[in-house]
file query-v9.cif (mmCIF, C-alpha atoms and all ligand atoms)
data_work
#
loop_
_atom_site.label_atom_id
_atom_site.label_comp_id
_atom_site.auth_asym_id
_atom_site.auth_seq_id
_atom_site.Cartn_x
_atom_site.Cartn_y
_atom_site.Cartn_z
CA MET A 1 22.21 -84.83 44.85
CA ALA A 2 23.58 -86.69 47.86
CA SER A 3 27.12 -86.92 46.50
CA SER A 4 27.43 -83.16 45.98
CA MET A 5 28.19 -80.38 48.46
CA LYS A 6 28.40 -76.61 48.77
CA ALA A 7 31.84 -75.03 49.07
CA ILE A 8 33.74 -71.79 48.62
CA GLN A 9 36.20 -72.27 45.82
CA ILE A 10 38.79 -70.12 44.05
CA LYS A 11 39.84 -70.75 40.47
CA ASN A 12 42.10 -67.66 40.36
CA THR A 13 43.72 -65.52 43.02
CA GLY A 14 42.64 -61.95 43.66
CA GLY A 15 40.11 -59.89 45.59
CA VAL A 16 37.02 -61.23 47.32
CA GLU A 17 35.30 -61.62 43.95
CA VAL A 18 37.33 -64.79 43.32
CA LEU A 19 35.54 -66.52 46.23
CA GLU A 20 32.84 -68.53 44.48
CA HIS A 21 29.99 -70.40 46.11
CA VAL A 22 29.92 -73.66 44.15
CA ILE A 23 28.26 -77.06 44.17
CA ILE A 24 30.89 -79.71 43.66
CA GLU A 25 31.44 -83.39 44.27
CA ARG A 26 31.67 -84.42 47.91
CA PRO A 27 35.17 -85.72 48.83
CA LYS A 28 35.60 -89.44 49.49
CA ILE A 29 37.90 -91.47 51.70
CA THR A 30 40.89 -92.57 49.61
CA GLY A 31 43.77 -92.76 52.11
CA LEU A 32 44.39 -94.88 55.20
CA THR A 33 44.51 -91.84 57.51
CA ASP A 34 41.61 -89.91 55.94
CA VAL A 35 38.80 -88.62 58.13
CA LEU A 36 35.66 -87.37 56.34
CA VAL A 37 34.08 -84.63 58.44
CA LYS A 38 30.63 -83.14 57.95
CA ASN A 39 31.50 -79.57 58.87
CA HIS A 40 29.31 -77.54 61.18
CA PHE A 41 31.68 -74.58 61.39
CA ALA A 42 34.92 -73.43 59.79
CA GLY A 43 37.20 -70.88 61.40
CA VAL A 44 37.97 -67.72 59.40
CA ASN A 45 41.62 -66.74 59.62
CA PHE A 46 43.86 -64.17 58.02
CA ILE A 47 45.71 -66.96 56.23
CA ASP A 48 42.54 -67.58 54.20
CA THR A 49 42.94 -64.11 52.72
CA TYR A 50 46.59 -64.85 51.85
CA HIS A 51 45.49 -67.99 49.99
CA ARG A 52 42.78 -66.05 48.20
CA SER A 53 45.10 -63.16 47.24
CA GLY A 54 47.95 -65.43 46.17
CA LEU A 55 50.43 -64.29 48.84
CA TYR A 56 50.57 -67.94 49.91
CA LYS A 57 50.33 -70.33 46.95
CA LEU A 58 47.68 -73.01 46.53
CA SER A 59 47.26 -75.26 43.52
CA LEU A 60 44.06 -74.17 41.83
CA PRO A 61 41.16 -74.63 41.82
CA ALA A 62 41.09 -74.83 45.61
CA ILE A 63 38.59 -74.70 48.43
CA ILE A 64 39.54 -72.01 50.95
CA GLY A 65 39.79 -72.58 54.72
CA ARG A 66 42.29 -74.07 57.17
CA GLU A 67 40.28 -75.38 60.13
CA GLY A 68 36.83 -76.68 60.95
CA ALA A 69 34.68 -78.56 63.41
CA GLY A 70 31.96 -81.10 62.76
CA VAL A 71 30.89 -84.73 62.95
CA VAL A 72 32.87 -87.62 61.48
CA GLU A 73 31.08 -89.39 58.62
CA ALA A 74 33.71 -92.00 57.72
CA VAL A 75 37.35 -92.88 58.36
CA GLY A 76 40.14 -94.65 56.46
CA ASP A 77 41.20 -98.19 57.40
CA GLY A 78 44.26 -96.97 59.29
CA VAL A 79 42.36 -94.65 61.66
CA LYS A 80 41.89 -96.29 65.05
CA ASP A 81 41.00 -93.65 67.59
CA ILE A 82 38.39 -91.63 65.68
CA ARG A 83 35.04 -93.14 64.73
CA PRO A 84 32.01 -92.07 62.68
CA GLY A 85 29.77 -89.92 64.88
CA ASP A 86 32.66 -88.38 66.84
CA HIS A 87 32.60 -84.61 67.25
CA VAL A 88 35.95 -83.34 66.05
CA VAL A 89 37.96 -80.25 65.27
CA TYR A 90 40.80 -80.27 62.79
CA VAL A 91 43.50 -78.30 61.00
CA SER A 92 43.29 -79.05 57.28
CA PRO A 93 42.90 -77.32 53.94
CA SER A 94 39.48 -76.94 52.29
CA SER A 95 37.29 -76.27 55.32
CA TYR A 96 34.92 -73.66 53.77
CA ALA A 97 32.74 -76.57 52.63
CA GLU A 98 30.03 -78.89 53.85
CA PHE A 99 32.49 -81.80 53.92
CA THR A 100 36.27 -81.98 54.31
CA ILE A 101 38.78 -84.79 54.25
CA ALA A 102 41.26 -84.19 57.06
CA ASN A 103 44.33 -86.23 57.97
CA SER A 104 43.68 -88.05 61.27
CA LYS A 105 47.04 -86.75 62.51
CA LYS A 106 45.54 -83.26 62.64
CA VAL A 107 42.09 -84.22 63.97
CA ALA A 108 41.17 -83.99 67.66
CA LYS A 109 37.99 -85.00 69.46
CA VAL A 110 36.12 -82.05 70.87
CA PRO A 111 36.12 -82.25 74.68
CA ASP A 112 32.95 -82.32 76.74
CA GLY A 113 31.61 -78.87 77.39
CA LEU A 114 33.12 -77.27 74.29
CA ASP A 115 30.63 -76.84 71.46
CA LEU A 116 31.55 -77.19 67.82
CA LYS A 117 31.29 -73.50 67.12
CA LEU A 118 33.72 -72.53 69.85
CA ALA A 119 35.97 -75.42 68.89
CA ALA A 120 36.17 -74.15 65.30
CA ALA A 121 36.91 -70.62 66.53
CA SER A 122 39.59 -71.81 68.97
CA LEU A 123 41.94 -74.17 67.28
CA LEU A 124 44.14 -72.34 64.81
CA GLN A 125 44.33 -69.00 66.59
CA GLY A 126 44.52 -70.66 70.01
CA LEU A 127 47.32 -73.01 68.99
CA THR A 128 49.17 -70.12 67.36
CA ALA A 129 49.05 -67.99 70.50
CA TRP A 130 50.00 -70.98 72.65
CA VAL A 131 53.08 -72.02 70.66
CA MET A 132 54.18 -68.39 70.34
CA ILE A 133 54.35 -67.88 74.12
CA THR A 134 55.74 -71.31 74.96
CA GLN A 135 58.07 -71.99 72.03
CA SER A 136 58.84 -68.99 69.79
CA TYR A 137 59.70 -66.87 72.80
CA GLU A 138 59.04 -68.39 76.20
CA VAL A 139 57.43 -65.60 78.19
CA LYS A 140 58.74 -65.14 81.72
CA LYS A 141 57.32 -63.45 84.77
CA ASP A 142 57.98 -59.69 84.81
CA ASP A 143 58.92 -59.57 81.10
CA TRP A 144 57.76 -56.57 79.11
CA ILE A 145 56.00 -57.80 75.98
CA LEU A 146 54.70 -55.78 73.02
CA ILE A 147 51.75 -57.33 71.14
CA HIS A 148 50.65 -55.72 67.87
CA ALA A 149 46.99 -55.87 66.78
CA ALA A 150 46.22 -56.75 70.39
CA ALA A 151 42.47 -56.78 69.81
CA GLY A 152 42.70 -59.17 66.85
CA GLY A 153 41.95 -62.90 66.91
CA VAL A 154 45.43 -64.13 67.82
CA GLY A 155 46.20 -60.81 69.53
CA LEU A 156 43.53 -61.08 72.22
CA LEU A 157 44.58 -64.63 73.02
CA LEU A 158 48.22 -63.58 73.26
CA VAL A 159 47.28 -60.77 75.64
CA GLN A 160 45.55 -63.19 78.02
CA LEU A 161 48.27 -65.83 77.86
CA VAL A 162 51.14 -63.38 78.32
CA LYS A 163 49.39 -61.63 81.19
CA ASN A 164 48.90 -64.91 82.93
CA CYS A 165 52.59 -65.68 82.75
CA GLY A 166 52.99 -62.71 85.07
CA ALA A 167 54.43 -60.49 82.31
CA HIS A 168 53.53 -56.88 81.45
CA VAL A 169 51.54 -56.46 78.23
CA ILE A 170 51.79 -53.42 75.99
CA GLY A 171 49.32 -53.73 73.13
CA THR A 172 48.85 -51.77 69.92
CA VAL A 173 45.45 -51.22 68.28
CA SER A 174 43.93 -48.90 65.68
CA ASN A 175 40.99 -47.43 67.58
CA ASP A 176 39.48 -46.79 71.01
CA GLU A 177 36.96 -49.60 70.87
CA LYS A 178 39.73 -52.12 70.24
CA ALA A 179 41.76 -50.49 73.03
CA LYS A 180 38.97 -51.23 75.53
CA LEU A 181 38.79 -54.81 74.37
CA ALA A 182 42.53 -55.38 74.74
CA ILE A 183 42.53 -53.77 78.19
CA SER A 184 39.66 -55.98 79.31
CA ALA A 185 41.72 -58.99 78.18
CA GLY A 186 44.62 -57.92 80.39
CA ALA A 187 46.77 -55.39 78.53
CA GLU A 188 48.44 -53.05 80.99
CA HIS A 189 49.20 -50.34 78.42
CA ILE A 190 47.59 -49.68 75.07
CA ILE A 191 49.05 -47.61 72.24
CA ASN A 192 46.89 -46.48 69.34
CA TYR A 193 49.32 -46.98 66.46
CA SER A 194 47.13 -44.90 64.14
CA THR A 195 47.65 -41.77 66.23
CA GLN A 196 50.58 -42.29 68.63
CA ASN A 197 54.31 -42.85 68.19
CA VAL A 198 54.75 -46.46 69.29
CA VAL A 199 58.51 -46.30 69.88
CA ASP A 200 58.25 -43.17 72.02
CA GLU A 201 55.43 -44.69 74.05
CA VAL A 202 57.18 -48.01 74.56
CA MET A 203 60.37 -46.27 75.68
CA ARG A 204 58.43 -44.05 78.06
CA ILE A 205 56.61 -47.02 79.60
CA THR A 206 59.77 -49.14 79.94
CA ASP A 207 62.14 -46.43 81.24
CA ASN A 208 63.91 -46.32 77.88
CA LYS A 209 64.85 -50.00 78.07
CA GLY A 210 62.46 -51.39 75.47
CA VAL A 211 60.62 -54.71 75.63
CA HIS A 212 61.94 -58.24 76.06
CA ALA A 213 59.89 -59.55 73.14
CA ILE A 214 57.52 -58.39 70.43
CA TYR A 215 54.77 -60.52 68.88
CA ASP A 216 54.16 -58.93 65.49
CA GLY A 217 51.39 -60.33 63.26
CA VAL A 218 50.97 -57.05 61.36
CA GLY A 219 54.18 -57.42 59.34
CA LYS A 220 55.23 -54.74 56.86
CA ASP A 221 53.82 -51.68 58.61
CA THR A 222 55.17 -52.48 62.09
CA PHE A 223 58.45 -54.31 61.44
CA GLU A 224 60.79 -51.32 61.81
CA THR A 225 58.86 -50.12 64.87
CA SER A 226 59.15 -53.56 66.40
CA LEU A 227 62.92 -53.61 65.92
CA ALA A 228 63.19 -50.19 67.53
CA CYS A 229 61.06 -51.27 70.53
CA ALA A 230 63.20 -54.30 71.38
CA ARG A 231 65.64 -54.00 74.26
CA ARG A 232 69.21 -55.29 74.11
CA LEU A 233 69.09 -59.12 73.81
CA GLY A 234 65.39 -58.89 72.94
CA SER A 235 63.37 -61.11 70.61
CA LEU A 236 61.21 -60.14 67.68
CA ILE A 237 58.66 -62.79 66.75
CA SER A 238 57.29 -61.76 63.36
CA PHE A 239 54.46 -64.19 62.72
CA GLY A 240 52.15 -62.58 60.17
CA ASN A 241 51.53 -60.25 57.26
CA ALA A 242 48.21 -58.53 57.96
CA SER A 243 49.56 -55.30 56.41
CA GLY A 244 51.76 -57.06 53.84
CA LYS A 245 54.93 -59.13 54.00
CA VAL A 246 58.07 -57.78 55.61
CA PRO A 247 60.60 -56.70 52.92
CA PRO A 248 64.10 -58.21 52.69
CA PHE A 249 66.19 -57.40 55.74
CA GLU A 250 69.91 -56.81 56.42
CA ILE A 251 70.79 -59.43 59.06
CA LEU A 252 73.73 -57.34 60.36
CA ARG A 253 71.22 -54.91 61.85
CA LEU A 254 70.42 -57.48 64.54
CA SER A 255 73.88 -56.97 66.00
CA GLU A 256 72.97 -53.42 67.08
CA LYS A 257 71.23 -54.95 70.12
CA ASN A 258 72.05 -58.68 69.74
CA LEU A 259 68.44 -59.30 68.82
CA LYS A 260 66.83 -62.62 68.01
CA LEU A 261 64.50 -62.51 65.01
CA MET A 262 62.12 -65.37 64.28
CA ARG A 263 59.50 -65.88 61.56
CA PRO A 264 57.57 -68.90 62.87
CA THR A 265 54.53 -70.72 61.48
CA LEU A 266 52.14 -72.82 63.51
CA ASN A 267 52.52 -75.75 61.11
CA ASN A 268 56.16 -76.27 62.01
CA TYR A 269 55.20 -76.62 65.68
CA ILE A 270 52.44 -79.17 65.05
CA GLU A 271 54.05 -81.09 62.20
CA THR A 272 53.94 -84.49 63.90
CA GLU A 273 50.87 -86.16 65.34
CA GLU A 274 52.48 -86.12 68.77
CA GLU A 275 53.12 -82.38 68.59
CA PHE A 276 49.59 -81.65 67.39
CA ARG A 277 48.00 -83.78 70.13
CA LYS A 278 50.14 -82.31 72.87
CA SER A 279 49.49 -78.67 71.94
CA THR A 280 45.80 -79.29 71.29
CA ALA A 281 45.35 -81.05 74.63
CA GLU A 282 47.06 -78.16 76.40
CA LEU A 283 44.89 -75.63 74.62
CA PHE A 284 41.63 -77.47 75.33
CA THR A 285 42.54 -77.83 78.97
CA ILE A 286 43.10 -74.10 79.32
CA ILE A 287 39.81 -73.35 77.58
CA LYS A 288 37.83 -75.91 79.59
CA GLU A 289 39.15 -74.53 82.82
CA GLY A 290 37.92 -71.10 81.83
CA LYS A 291 41.42 -69.69 81.67
CA LEU A 292 41.28 -68.52 78.08
CA ASP A 293 38.29 -66.52 76.99
CA ILE A 294 37.64 -67.15 73.31
CA LYS A 295 34.96 -64.95 71.87
CA ILE A 296 33.23 -65.16 68.54
CA TRP A 297 32.91 -61.85 66.76
CA LYS A 298 30.40 -62.95 64.16
CA THR A 299 29.04 -66.06 62.51
CA TYR A 300 28.64 -65.94 58.73
CA LYS A 301 26.69 -68.17 56.41
CA LEU A 302 28.91 -70.11 54.04
CA ASN A 303 27.73 -68.02 51.10
CA ASP A 304 28.75 -64.83 52.97
CA ALA A 305 32.45 -65.78 52.85
CA ARG A 306 33.22 -62.69 50.75
CA GLN A 307 31.85 -60.47 53.50
CA ALA A 308 33.91 -62.35 56.10
CA HIS A 309 37.08 -61.58 54.13
CA LEU A 310 36.08 -57.96 53.61
CA ASP A 311 35.51 -57.55 57.34
CA LEU A 312 38.80 -59.20 58.23
CA GLU A 313 40.89 -57.23 55.75
CA GLY A 314 38.98 -54.04 56.54
CA ARG A 315 40.06 -54.33 60.21
CA LYS A 316 36.43 -54.42 61.27
CA THR A 317 36.53 -57.66 63.16
CA THR A 318 36.30 -56.23 66.64
CA GLY A 319 33.19 -54.15 66.06
CA ASN A 320 31.37 -55.91 68.86
CA PRO A 321 33.35 -55.44 72.05
CA LYS A 322 32.28 -58.83 73.38
CA ASN A 323 33.49 -60.90 70.45
CA ILE A 324 36.56 -61.55 68.41
CA ASN A 325 37.12 -64.82 66.56
CA LYS A 326 35.52 -65.46 63.24
CA VAL A 327 33.52 -68.43 62.08
CA VAL A 328 31.90 -69.33 58.81
CA GLN A 329 28.73 -71.21 59.55
CA THR A 330 28.14 -74.15 57.26
CA THR A 331 25.17 -75.89 58.85
CA ALA A 332 23.23 -75.62 62.11
CA ALA A 333 25.13 -75.96 65.35
CA ILE A 334 24.88 -79.12 67.40
CA GLU A 335 26.15 -79.97 70.85
CA GLY A 336 29.32 -81.91 71.47
CA ASP A 337 29.21 -85.06 73.60
CA VAL A 338 32.63 -86.54 73.28
CA SER A 339 35.10 -86.68 76.12
CA ASP A 340 38.80 -86.22 75.52
CA ASN A 341 40.35 -84.58 78.51
CA LEU A 342 44.10 -84.98 78.12
CA GLY A 343 44.87 -82.47 80.88
CA ARG A 344 48.52 -81.80 81.38
CA ILE A 345 48.58 -78.10 81.28
CA LEU A 346 48.50 -77.29 84.96
CA SER A 347 52.18 -77.89 85.47
CA LEU A 348 52.88 -75.48 82.64
CA ILE A 349 50.83 -72.69 84.09
CA LYS A 350 51.99 -73.06 87.66
CA ARG A 351 54.60 -70.40 87.00
CA SER A 352 51.80 -67.91 86.48
CA GLU A 353 49.30 -66.70 89.01
CA ARG A 354 46.30 -68.78 88.11
CA LYS A 355 43.86 -66.47 89.80
CA GLU A 356 44.69 -63.92 87.12
CA TRP A 357 43.31 -66.07 84.31
CA VAL A 358 40.14 -64.71 82.81
P1 LIG A 401 43.24 -60.53 63.18
O1 LIG A 401 41.89 -60.78 63.73
O2 LIG A 401 44.33 -60.20 64.15
O3 LIG A 401 43.17 -59.39 62.11
C1 LIG A 401 44.33 -58.70 61.71
C2 LIG A 401 44.49 -57.39 62.47
O4 LIG A 401 45.71 -56.80 62.04
C3 LIG A 401 43.40 -56.37 62.14
O5 LIG A 401 42.25 -56.52 62.90
C4 LIG A 401 44.13 -55.07 62.42
O6 LIG A 401 43.98 -54.70 63.79
C5 LIG A 401 45.62 -55.41 62.19
N1 LIG A 401 46.12 -54.74 60.99
C6 LIG A 401 47.12 -53.84 60.99
N2 LIG A 401 47.34 -53.39 59.76
C7 LIG A 401 46.44 -53.99 58.96
C8 LIG A 401 46.16 -53.91 57.57
N3 LIG A 401 46.86 -53.09 56.75
N4 LIG A 401 45.15 -54.67 57.07
C9 LIG A 401 44.45 -55.48 57.87
N5 LIG A 401 44.68 -55.61 59.19
C10 LIG A 401 45.67 -54.86 59.74
O7 LIG A 401 43.68 -61.79 62.30
P2 LIG A 401 44.17 -63.23 62.82
O8 LIG A 401 44.06 -63.33 64.27
O9 LIG A 401 43.53 -64.26 61.97
O10 LIG A 401 45.72 -63.21 62.40
C11 LIG A 401 46.60 -62.27 62.98
C12 LIG A 401 47.97 -62.42 62.34
O11 LIG A 401 48.51 -63.65 62.75
C13 LIG A 401 47.92 -62.45 60.81
O12 LIG A 401 49.02 -61.75 60.30
C14 LIG A 401 48.06 -63.91 60.51
O13 LIG A 401 48.61 -64.17 59.26
C15 LIG A 401 48.98 -64.34 61.63
N6 LIG A 401 48.94 -65.76 61.89
C16 LIG A 401 50.11 -66.45 61.74
C17 LIG A 401 50.16 -67.78 62.00
C18 LIG A 401 51.46 -68.47 61.84
O14 LIG A 401 51.48 -69.71 61.86
N7 LIG A 401 52.56 -67.76 61.69
C19 LIG A 401 48.97 -68.55 62.36
C20 LIG A 401 47.79 -67.72 62.56
C21 LIG A 401 47.78 -66.37 62.32
P3 LIG A 401 44.02 -53.11 64.14
O15 LIG A 401 42.80 -52.53 63.47
O16 LIG A 401 43.99 -53.02 65.62
O17 LIG A 401 45.29 -52.59 63.53
#
call {"tool": "encode", "arguments": {"input": "query-v9.cif", "output": "structure tokens", "more": "lines below"}}
Ligand code: NDP
result
Amino acid sequence: MASSMKAIQIKNTGGVEVLEHVIIERPKITGLTDVLVKNHFAGVNFIDTYHRSGLYKLSLPAIIGREGAGVVEAVGDGVKDIRPGDHVVYVSPSSYAEFTIANSKKVAKVPDGLDLKLAAASLLQGLTAWVMITQSYEVKKDDWILIHAAAGGVGLLLVQLVKNCGAHVIGTVSNDEKAKLAISAGAEHIINYSTQNVVDEVMRITDNKGVHAIYDGVGKDTFETSLACARRLGSLISFGNASGKVPPFEILRLSEKNLKLMRPTLNNYIETEEEFRKSTAELFTIIKEGKLDIKIWKTYKLNDARQAHLDLEGRKTTGNPKNINKVVQTTAAIEGDVSDNLGRILSLIKRSERKEWV
């Protein structure tokens, strides 16, 4: 039936068994700023597992997924700059589906030279890493920075971006294979947090001073370690819950070292259309210039979404040392042909040694 589509829906929260492959009605344009996208790929992100498990609330039933890339089918009357046939990438709910309605404020044209698959794998994790190093804590040359889960999706991007600011990267990982991957991305020191004492290692590496900032997407299991690794006047950017959410915290403890503690979300950095376009343009420019290597760990069929979540939660998603980001494949890939080079990034990266970008 032409008005139906395949999607991954949850009716209840829980384990991967709640992810159901369903045939439901295709969404229609109802709002002025709606963009109907025929998805070719949807990114797989840890947040999808939080929605599935109920850690982050959705009104149910819901289609899982937070980003996708595809071809525009139709647009609302108020959309001026995006037309049917455009190749686009977007941040929006309900992307594990053949079709998604996205708000035009969070839709960007895919630049020439970037295919839809890479675009889908780049946006959410790429924007997250970018805003973390430019806004949550602005990384400076010669800083010492600790990045947890350094071989993960966001982690590997953070390693590259921080390195290219001229800072020193200490990464944590859970096994040797991931260690190699993080080192190849630019980590100067790697600590296996399954077998080594992270605080001791960080203090040894930094002459007992600790690090200027910590990017912690692991959450519960690493929070105390992160606090202990910060130097006086340091910053702890706690941006995720891969091991569970951080328990309630006594704010007075920050005064021990005058620490800054932040719990940022990407959404609050790209809330307005202007913010989304600016950060997206910066990210695409870096990628197009070959300065951020985004690798795809595996492509799944839409009806393998359960396996994608199992792999992500089972910490398997760096099994192939060449790849890292995750994509659910919804239909066959096609090539992008739309130009949207909004380059502005060069001034921002002048402070770093550009030759170091990989
Ligand atoms: P990753 O690919 O980084 O996967 C998570 C990694 O966390 C695993 O590979 C694993 O690496 C590590 N980890 C440590 N403990 C556990 C555990 N108990 N269970 C599972 N994984 C564990 O995922 P993403 O790149 O998608 O996301 C990384 C983090 O960033 C997540 O916490 C996510 O929520 C957060 N995030 C936050 C955003 C925001 O707006 N604040 C936006 C996007 C992502 P290892 O095996 O090396 O330990």
call {"tool": "closest_atom_pairs", "arguments": {"input": "query-v9.cif", "of": "chain A", "to": "ligand LIG 401 (chain A)", "cutoff": "6 Å", "atoms": "all atoms listed in the file", "output": "CSV"}}
result
residue,atom,partner,partner_atom,distance
A:Asn45,CA,A:LIG401,O9,3.9
A:Phe46,CA,A:LIG401,O9,4.0
A:Ile47,CA,A:LIG401,O13,5.0
A:Gln125,CA,A:LIG401,C20,5.5
A:Thr128,CA,A:LIG401,C19,5.2
A:Ala149,CA,A:LIG401,O16,4.3
A:Ala151,CA,A:LIG401,O16,5.8
A:Gly152,CA,A:LIG401,O2,3.3
A:Gly153,CA,A:LIG401,O8,3.4
A:Val154,CA,A:LIG401,O8,3.9
A:Gly155,CA,A:LIG401,O2,5.7
A:Val173,CA,A:LIG401,O16,3.5
A:Ser174,CA,A:LIG401,O16,4.1
A:Gly217,CA,A:LIG401,O12,4.0
A:Val218,CA,A:LIG401,C6,5.0
A:Phe239,CA,A:LIG401,N7,4.2
A:Gly240,CA,A:LIG401,O12,3.2
A:Asn241,CA,A:LIG401,O12,4.2
A:Ala242,CA,A:LIG401,O12,4.1
A:Ser243,CA,A:LIG401,N3,3.5
A:Pro264,CA,A:LIG401,N7,5.3
A:Thr265,CA,A:LIG401,O14,3.2
A:Leu266,CA,A:LIG401,O14,3.6
A:Leu312,CA,A:LIG401,O3,5.8
A:Glu313,CA,A:LIG401,C9,4.5
A:Gly314,CA,A:LIG401,C9,5.8
A:Arg315,CA,A:LIG401,O5,4.1
A:Thr317,CA,A:LIG401,O5,5.8
call {"tool": "write_last_selection", "arguments": {"input": "query-v9.cif", "atoms": "C-alpha atoms", "output": "mmCIF file, keeping the file's coordinate frame"}}
result
data_model
loop_
_atom_site.group_PDB
_atom_site.id
_atom_site.type_symbol
_atom_site.label_atom_id
_atom_site.label_comp_id
_atom_site.auth_asym_id
_atom_site.auth_seq_id
_atom_site.Cartn_x
_atom_site.Cartn_y
_atom_site.Cartn_z
ATOM 1 C CA ASN A 45 41.620 -66.740 59.620
ATOM 2 C CA PHE A 46 43.860 -64.170 58.020
ATOM 3 C CA ILE A 47 45.710 -66.960 56.230
ATOM 4 C CA GLN A 125 44.330 -69.000 66.590
ATOM 5 C CA THR A 128 49.170 -70.120 67.360
ATOM 6 C CA ALA A 149 46.990 -55.870 66.780
ATOM 7 C CA ALA A 151 42.470 -56.780 69.810
ATOM 8 C CA GLY A 152 42.700 -59.170 66.850
ATOM 9 C CA GLY A 153 41.950 -62.900 66.910
ATOM 10 C CA VAL A 154 45.430 -64.130 67.820
ATOM 11 C CA GLY A 155 46.200 -60.810 69.530
ATOM 12 C CA VAL A 173 45.450 -51.220 68.280
ATOM 13 C CA SER A 174 43.930 -48.900 65.680
ATOM 14 C CA GLY A 217 51.390 -60.330 63.260
ATOM 15 C CA VAL A 218 50.970 -57.050 61.360
ATOM 16 C CA PHE A 239 54.460 -64.190 62.720
ATOM 17 C CA GLY A 240 52.150 -62.580 60.170
ATOM 18 C CA ASN A 241 51.530 -60.250 57.260
ATOM 19 C CA ALA A 242 48.210 -58.530 57.960
ATOM 20 C CA SER A 243 49.560 -55.300 56.410
ATOM 21 C CA PRO A 264 57.570 -68.900 62.870
ATOM 22 C CA THR A 265 54.530 -70.720 61.480
ATOM 23 C CA LEU A 266 52.140 -72.820 63.510
ATOM 24 C CA LEU A 312 38.800 -59.200 58.230
ATOM 25 C CA GLU A 313 40.890 -57.230 55.750
ATOM 26 C CA GLY A 314 38.980 -54.040 56.540
ATOM 27 C CA ARG A 315 40.060 -54.330 60.210
ATOM 28 C CA THR A 317 36.530 -57.660 63.160
#
call {"tool": "closest_residue", "arguments": {"input": "query-v9.cif", "among": "A:Leu116, A:Leu310, A:Ile101, A:Val107", "to": "Ala42 in chain A", "atoms": "all atoms listed in the file"}}
result
A:Leu116
call {"tool": "atom_distance", "arguments": {"input": "query-v9.cif", "atom1": "CA of Val88 in chain A", "atom2": "CA of Lys109 in chain A"}}
result
4.3 Å
call {"tool": "atom_distance", "arguments": {"input": "query-v9.cif", "atom1": "CA of Pro84 in chain A", "atom2": "CA of Phe284 in chain A"}}
result
21.6 Å
call {"tool": "closest_residue", "arguments": {"input": "query-v9.cif", "among": "A:Val131, A:Ala228, A:Leu157, A:Gly166", "to": "Lys278 in chain A", "atoms": "all atoms listed in the file"}}
result
A:Val131
call {"tool": "atom_distance", "arguments": {"input": "query-v9.cif", "atom1": "CA of Gly78 in chain A", "atom2": "CA of Lys106 in chain A"}}
result
14.2 Å
call {"tool": "residues_near_point", "arguments": {"input": "query-v9.cif", "point": "(31.8, -74.8, 73.9)", "cutoff": "12 Å", "atoms": "only C-alpha atoms", "output": "ChimeraX atom specification"}}
result
/A:69,87,89,110-122,284,287-290,293-296,333-338
call {"tool": "residues_around", "arguments": {"input": "query-v9.cif", "residues": "Ala102 in chain A", "least_positions_apart": "6", "cutoff": "12 Å", "atoms": "only C-alpha atoms", "output": "NGL selection string"}}
result
:A and (27-39 or 65-76 or 79 or 82 or 88-95 or 108)
call {"tool": "closest_residue", "arguments": {"input": "query-v9.cif", "among": "A:Ala213, A:Val16, A:Ile10, A:Val44", "to": "Pro61 in chain A", "atoms": "all atoms listed in the file"}}
result
A:Ile10
call {"tool": "residues_near_point", "arguments": {"input": "query-v9.cif", "point": "(64.7, -58.6, 54.8)", "cutoff": "12 Å", "atoms": "all atoms listed in the file", "output": "ChimeraX atom specification"}}
result
/A:219-220,223-224,238,245-254,261-263
call {"tool": "closest_residue", "arguments": {"input": "query-v9.cif", "among": "A:Asp221, A:Val162, A:Trp144, A:Tyr193", "to": "Asp207 in chain A", "atoms": "all atoms listed in the file"}}
result
A:Trp144
call {"tool": "residues_around", "arguments": {"input": "query-v9.cif", "residues": "Ile63 in chain A", "least_positions_apart": "2", "cutoff": "10 Å", "atoms": "all atoms listed in the file", "output": "PDB file with C-alpha atoms, in the frame of the given file"}}
result
ATOM      1  CA  ALA A   7      31.840 -75.030  49.070  1.00  0.00           C
ATOM      2  CA  ILE A   8      33.740 -71.790  48.620  1.00  0.00           C
ATOM      3  CA  GLN A   9      36.200 -72.270  45.820  1.00  0.00           C
ATOM      4  CA  ILE A  10      38.790 -70.120  44.050  1.00  0.00           C
ATOM      5  CA  LYS A  11      39.840 -70.750  40.470  1.00  0.00           C
ATOM      6  CA  LEU A  19      35.540 -66.520  46.230  1.00  0.00           C
ATOM      7  CA  GLU A  20      32.840 -68.530  44.480  1.00  0.00           C
ATOM      8  CA  HIS A  21      29.990 -70.400  46.110  1.00  0.00           C
ATOM      9  CA  VAL A  22      29.920 -73.660  44.150  1.00  0.00           C
ATOM     10  CA  ASP A  48      42.540 -67.580  54.200  1.00  0.00           C
ATOM     11  CA  HIS A  51      45.490 -67.990  49.990  1.00  0.00           C
ATOM     12  CA  ARG A  52      42.780 -66.050  48.200  1.00  0.00           C
ATOM     13  CA  LEU A  58      47.680 -73.010  46.530  1.00  0.00           C
ATOM     14  CA  SER A  59      47.260 -75.260  43.520  1.00  0.00           C
ATOM     15  CA  LEU A  60      44.060 -74.170  41.830  1.00  0.00           C
ATOM     16  CA  PRO A  61      41.160 -74.630  41.820  1.00  0.00           C
ATOM     17  CA  GLY A  65      39.790 -72.580  54.720  1.00  0.00           C
ATOM     18  CA  ARG A  66      42.290 -74.070  57.170  1.00  0.00           C
ATOM     19  CA  PRO A  93      42.900 -77.320  53.940  1.00  0.00           C
ATOM     20  CA  SER A  94      39.480 -76.940  52.290  1.00  0.00           C
ATOM     21  CA  SER A  95      37.290 -76.270  55.320  1.00  0.00           C
ATOM     22  CA  TYR A  96      34.920 -73.660  53.770  1.00  0.00           C
ATOM     23  CA  ALA A  97      32.740 -76.570  52.630  1.00  0.00           C
ATOM     24  CA  THR A 100      36.270 -81.980  54.310  1.00  0.00           C
TER      25      THR A 100
END
